[in-house]
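Enquirer: Please find one structure pasted underneath; my questions will follow.
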Amino acid sequence: MRFSRLTFCAALLCAGAALAQPSRQEIEALAKRASGGQDQAKTALEALANGGETHAQNLLGVLVLAGKGFPRSDQRALEWFELAAAKGHVPAAHNLAVIRDRAKGTLHDAAEALRWFRFAAERGYARSQTELGRILLAAGTERDATEGREWLEKAVAQGQPTARFLLGKLYLDGTGGVQRDLARGAELVRLAAEKGEAGAQYRLALLYGTGSGVEKDDRKAIEWLRKAADQRHMDAQYLIAAAFTRGLYGQPRSPESAAEWLRRAAVQGHPGAEYELGVAYRTGRGVPKDLSQALGWFVKAAKSGHPEALEIVRQIRETAKKQKGGEAVLPETREVPLGPEPAKQ
């Protein structure tokens, strides 16, 4: 078997031999091969990580978190990030904070997330500056909002797209301690949208659709909506469906196109899309009439709390009870928590 220099280095490191550390580029190339399942690369990357190489630890954590080349495990990824972060590896500190911030159950720890985001942000890591700004703005106090905005501004100075979007929203809405400035907000959102930030693309479409901070332009509105929708932004998909339903943004009315965009949003769990797709199947608007499909989508929307869908499911259950003369209901509706009966007055 032919061993690469990097594999040989990793083997010696694992054995405790003193040897020049591999370069960052070599470790990244190794991780790329490991992500494809190459056994030799996986073994070498693990040897480097176990030998204390922080960049290897971070990249191994990234691969484990994504399940690329290694079994997926949030817990194991967290452990690799902790090892690297404890030695001052800034990207690992950010990744550690992301898991602590977004994980469910025992891995979630808001205080630890804040601590590690701040650690990386103070060392100039733009993505952590953005996340720290977001968390502080959500805290609600004036002091936190001021600090949060300052962190966003630091990230914006580095060109971070999400930070541009978040700061742009502050100017558009006049929140976070800034005066409303539609032109400034629209410019920041545009810059973020051009870098591929899906939320910014959706918000920019709304701005072009209403002429807020920019000149009204239906063509640009639908273009940006499509860009966001192509990134699976479900609100953008839902609005495109509305455009084809009502002829908005210069689009022709097309029940078939509307139903297709409703489906794209519905399969991602958009309650309004789930409900309206149910209506489409019940009426045969844009899709073949199918009461079974209609019921399925109404139930999904009701589970998401959509009020009209909840009322439809309530009526279906009441009708089923009367027809069967007992408490039996359609099995599809049994898991929907309907709550108390609505007031009649």
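Please note that chains go A, B, ... in the order of the structure tokens, that every chain numbers its residues from 1, and that ligands are numbered from 1 in the order shown.
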Show me, as a list in words, the residues that have an atom within 6 Å of Leu182 in chain A when counting only C-alpha atoms, minus same-chain residues fewer than 4 positions from it.

Expert: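 Result of the neighbour search: Leu172, Ala186 and Gly213 of chain A.
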
Enquirer: For those residues, write C-alpha atoms to a file as a PDB file, in the first residue's frame.

Expert:
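What ended up in selection-v3.pdb:
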```
ATOM      1  CA  LEU A 172     -36.360  49.121   7.477  1.00  0.00           C
ATOM      2  CA  ALA A 186     -32.990  48.478   1.323  1.00  0.00           C
ATOM      3  CA  GLY A 213     -36.907  52.121  -0.179  1.00  0.00           C
TER       4      GLY A 213
END
```

Enquirer: From a DSSP calculation on the backbone, collect every residue of range 18-189 of chain A in alpha helix (DSSP H) and output the set as a ChimeraX atom specification.

Expert: /A:24-35,39-50,54-66,74-86,90-102,110-122,126-139,142-157,161-173,182-189

Enquirer: So which one's closest to Pro22 in chain A, A:Leu45, A:Ala34, A:Ala93, A:Leu167? Using only C-alpha atoms, please.

Expert: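 Answer, going by the shortest atom-to-atom distance: A:Leu45.
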
Enquirer: Fewer than 5 positions away in the same chain doesn't count, so skip those; otherwise give me all residues within 6 Å of Leu262 in chain A, counting only C-alpha atoms, as a PyMOL selection string.

Expert: chain A and resi 238+241+273

Enquirer: With C-alpha atoms kept, could you save the residues just selected as a PDB file, in the first residue's frame?

Expert:
```pdb
ATOM      1  CA  TYR A 238     -46.139  30.667  -0.918  1.00  0.00           C
ATOM      2  CA  ALA A 241     -48.353  30.733  -5.510  1.00  0.00           C
ATOM      3  CA  ALA A 273     -49.848  26.444   1.869  1.00  0.00           C
TER       4      ALA A 273
END
```

Enquirer: Contacts of Arg203 in chain A at 9 Å or less, counting only C-alpha atoms, minus same-chain residues fewer than 4 places along, as a PDB file with C-alpha atoms, in the first residue's frame?

Expert:
```
ATOM      1  CA  PHE A 165     -29.654  41.439   6.198  1.00  0.00           C
ATOM      2  CA  LYS A 169     -34.123  44.931   8.732  1.00  0.00           C
ATOM      3  CA  ALA A 186     -32.990  48.478   1.323  1.00  0.00           C
ATOM      4  CA  VAL A 189     -30.781  43.990   2.177  1.00  0.00           C
ATOM      5  CA  ARG A 190     -29.855  44.211  -1.516  1.00  0.00           C
ATOM      6  CA  ALA A 193     -29.496  39.252  -1.349  1.00  0.00           C
ATOM      7  CA  ALA A 198     -32.429  33.717   1.012  1.00  0.00           C
ATOM      8  CA  GLY A 199     -34.215  35.782   3.668  1.00  0.00           C
ATOM      9  CA  LEU A 207     -39.574  45.955  -1.163  1.00  0.00           C
ATOM     10  CA  TYR A 208     -39.710  45.946  -4.963  1.00  0.00           C
ATOM     11  CA  TRP A 224     -35.985  37.899  -6.274  1.00  0.00           C
ATOM     12  CA  LEU A 225     -38.915  35.798  -5.099  1.00  0.00           C
TER      13      LEU A 225
END
```

Enquirer: Excluding Leu137 in chain A and residues on its chain fewer than 2 positions from it, collect all residues at most 10 Å away from it, counting only C-alpha atoms, and give them as number ranges by chain.

Expert: A: 131-135, 139-149, 152, 166, 170, 175-177

Enquirer: Give me the residues near Phe117 in chain A as a PyMOL selection string, where near means some atom within 9 Å (using only C-alpha atoms) and where sequence neighbours in that chain fewer than 5 positions away do not count.

Expert: chain A and resi 93-98+112+122+125+127-129+131-132

Enquirer: For range 56-65 of chain A, list every protein, DNA or RNA residue within 8 Å, evaluated using only C-alpha atoms, and leave out those in the same chain fewer than 5 positions away; present the list as a list in words.

Expert: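 The residues that qualify are Ile27, Glu28, Ala31, Ser35, Leu45, Glu46, Leu48, Ala49, Asn50, Phe70, Pro71, Arg72, Ser73, Asp74, Arg76, Ala77, Leu78, Glu79, Trp80, Phe81, Leu83, Ala84, Pro91 and Ala92 of chain A.
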